[in-house]
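These notes are about the structure you will find just below.
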Amino acid sequence: MTLFYLLDIIGTMAFATSGALTAMSKKLDLFGVLIVAVVTAVGGGTLRDVMIGSTPVCWRGDLNYVYAITIAFVLAVVFRGRFDKYRTSLLLFDTIGFGVFTLIGLAKGLAIGLHPVICVALGMITACFGGVIRDILCNDIPVIFQREIYATICLLGGAVFFALRYFNLPTDVLYLVTSLVMIAVRLLAIRYKWSLPSLPG
Amino acid sequence: MTLFYLLDIIGTMAFATSGALTAMSKKLDLFGVLIVAVVTAVGGGTLRDVMIGSTPVCWRGDLNYVYAITIAFVLAVVFRGRFDKYRTSLLLFDTIGFGVFTLIGLAKGLAIGLHPVICVALGMITACFGGVIRDILCNDIPVIFQREIYATICLLGGAVFFALRYFNLPTDVLYLVTSLVMIAVRLLAIRYKWSLPSLPG
Amino acid sequence: MTLFYLLDIIGTMAFATSGALTAMSKKLDLFGVLIVAVVTAVGGGTLRDVMIGSTPVCWRGDLNYVYAITIAFVLAVVFRGRFDKYRTSLLLFDTIGFGVFTLIGLAKGLAIGLHPVICVALGMITACFGGVIRDILCNDIPVIFQREIYATICLLGGAVFFALRYFNLPTDVLYLVTSLVMIAVRLLAIRYKWSLPSLPG
């Protein structure tokens, strides 16, 4: 098991937890909470795989994702009133997932020879569209379309990745630098409440 | 034509009717009612086929589904004010569809060698996600995430199926017993108003 | 570059503009506006390609769509307060896109030997479901399910196409006549405010 895989699992659990907490705040029943947790965790990767024809989709062969999501779901339900305490940890794990998922999407696009612009889009879809589907299922306008610059950082991460790649750096360095830039910018964005403007006519 | 195929068609009609009735209650126009009827009937199977890469999707080759959905749509529109009378029949047909669709999803997953946990998920997606897409199109939080234990019974059905399969029973028996258990539990659930708890923080 | 391809690009830009304007009216941030513009423009074609297994999806190889959508997005944001003046032009471009997209969907279905009924459905999905996904992302009931006969004209266009095809007319004539009929009916529908009835129980 590589470090990257471990970070992927941690990110999956963070995304599942975010889904479960959103679903509970909407007073869904236990099944609804489970489904929203699953969809938030695997929705982005599933959408990506369906669009590039990499089916059966990502969660086919590897039951570790099933275990990770189940554990996250149970923890979220049991400790549902006490997540404020762990807010910082959860945010950190979520940010890890967000970096890792973007890189996985980029790498999958590259592996089948897609154009960098499309690879960046796939990275963003992998990291962000689980949350988009979560919000649609909960009947909200997706939060990343409104208040967070989350997705914009995915696009930035993609740009950094391809800029560095231009200099033929080794893959490990590419991954490491890109993730660190994304994580740093996101933490700064949260700390200083950066957001994009909305532009009503 | 096998009995199973006939039950599949009956289930498809029941799902289309449920979609059309929901759409009319939202005051959609005739085209909207048609699309929601179609999507409710074939949405779960389409989503499943797209995810396992079994494309062109299920409704490709067989026009009987087109006829069945068209008939259900016309009946739902013409008799729209009088469905209260047929509520019990409709519920029974819907329950048949729900059992049959779950089994089709399970069988499709098994046929391509997926893990039982994933097969059970595919069964649930086949039976439940037509309704989820219906509710999203009608701008509601999916009803199966809130008040009905419908989807939980799919998971139960999947568990029963694989438990029985462990004893190497013939496929027909597997299908029959699983469907009967699911139908019985659902009718009991409706009769005694079973539901899952919601857990607001 | 053929005339048909040029019309496809014009239609894509019109659809992206419609997505961006809807998103800005919902006060989404800039990223949200971009994503809704992209999804409105490519969503219908993407859904079609995913359903017929033609993946990686339509926007894979051809960056002209990326440029077209980017230009439309920038124009929509910069001139957002002044679109009332260009309403007629925008409507015309949108109607062109709608005709071209329907034909592309029909042609893709025919090319893999699907039944005419399914081809007509694919044409309608290509032309209409970008707008459906736009409305879902913006948390509205899709406008084509409620007030516009837009989608019904796609079905009509499909019927005209297959009726003419029965007489073995050359493809160019088929495409031309079908588009002209669709565009004429749509403009008449807007001019005389044609709509389908809704049928509440």
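Chain labels A, B, ... are given in the sequence in which chains occur in the structure tokens; within each chain residues are numbered consecutively from 1, and ligands are likewise numbered from 1 in the order shown.
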Just want the 9 Å neighbourhood of C:Ala151, counted on only C-alpha atoms, with same-chain residues fewer than 3 positions away dropped. Output as a JSON list (two decimals) with N, CA and C atoms, in the first residue's frame.
[["chain", "number", "residue", "atom", "x", "y", "z"],
["B", 31, "PHE", "N", -45.30, 17.24, -22.12],
["B", 31, "PHE", "CA", -43.98, 16.72, -22.43],
["B", 31, "PHE", "C", -43.20, 16.39, -21.16],
["C", 124, "MET", "N", -33.50, 14.43, -29.11],
["C", 124, "MET", "CA", -34.12, 15.28, -28.10],
["C", 124, "MET", "C", -33.19, 15.45, -26.90],
["C", 125, "ILE", "N", -32.56, 14.35, -26.46],
["C", 125, "ILE", "CA", -31.64, 14.42, -25.33],
["C", 125, "ILE", "C", -30.48, 15.36, -25.65],
["C", 127, "ALA", "N", -30.36, 17.89, -27.70],
["C", 127, "ALA", "CA", -30.75, 19.30, -27.80],
["C", 127, "ALA", "C", -31.29, 19.86, -26.48],
["C", 128, "CYS", "N", -31.91, 19.00, -25.67],
["C", 128, "CYS", "CA", -32.66, 19.53, -24.52],
["C", 128, "CYS", "C", -32.02, 19.27, -23.17],
["C", 144, "ILE", "N", -38.11, 23.27, -19.71],
["C", 144, "ILE", "CA", -38.74, 22.59, -20.85],
["C", 144, "ILE", "C", -39.83, 21.61, -20.41],
["C", 145, "PHE", "N", -39.91, 21.34, -19.10],
["C", 145, "PHE", "CA", -41.00, 20.48, -18.61],
["C", 145, "PHE", "C", -42.23, 21.31, -18.27],
["C", 148, "GLU", "N", -42.21, 25.57, -22.16],
["C", 148, "GLU", "CA", -41.80, 25.66, -23.54],
["C", 148, "GLU", "C", -42.12, 24.39, -24.30],
["C", 154, "CYS", "N", -38.41, 19.08, -31.00],
["C", 154, "CYS", "CA", -37.36, 18.09, -31.29],
["C", 154, "CYS", "C", -37.97, 16.77, -31.72],
["C", 155, "LEU", "N", -39.02, 16.36, -31.01],
["C", 155, "LEU", "CA", -39.67, 15.10, -31.37],
["C", 155, "LEU", "C", -40.30, 15.22, -32.76],
["C", 156, "LEU", "N", -40.94, 16.37, -33.01],
["C", 156, "LEU", "CA", -41.51, 16.64, -34.33],
["C", 156, "LEU", "C", -40.42, 16.59, -35.40]]
Can you work out which residues from chain B touch chain A at a cut-off of 12 Å (counting only C-alpha atoms) and hand them back as a PyMOL selection string? chain B and resi 47-55+108-109+112-119+121-122+124-125+128-129+131-155+195-201
Which value, in Å to one decimal, gives the distance between atom CA of B:Leu110 and atom CA of A:Phe73? 26.2 Å
As a ChimeraX atom specification, list the residues of stretch 40-173 of chain A assigned to alpha helix (DSSP H) by DSSP on the backbone atoms of this structure. /A:40-52,63-78,87-111,116-137,150-165,171-173
Which residues are near B:Thr178? Cut-off 7 Å, only C-alpha atoms, ignore same chain within fewer than 2 positions. Put them as a list in words.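 The filter keeps Gly157, Val160, Phe161, Leu174, Tyr175, Leu176, Leu180, Val181 and Met182 of chain B.
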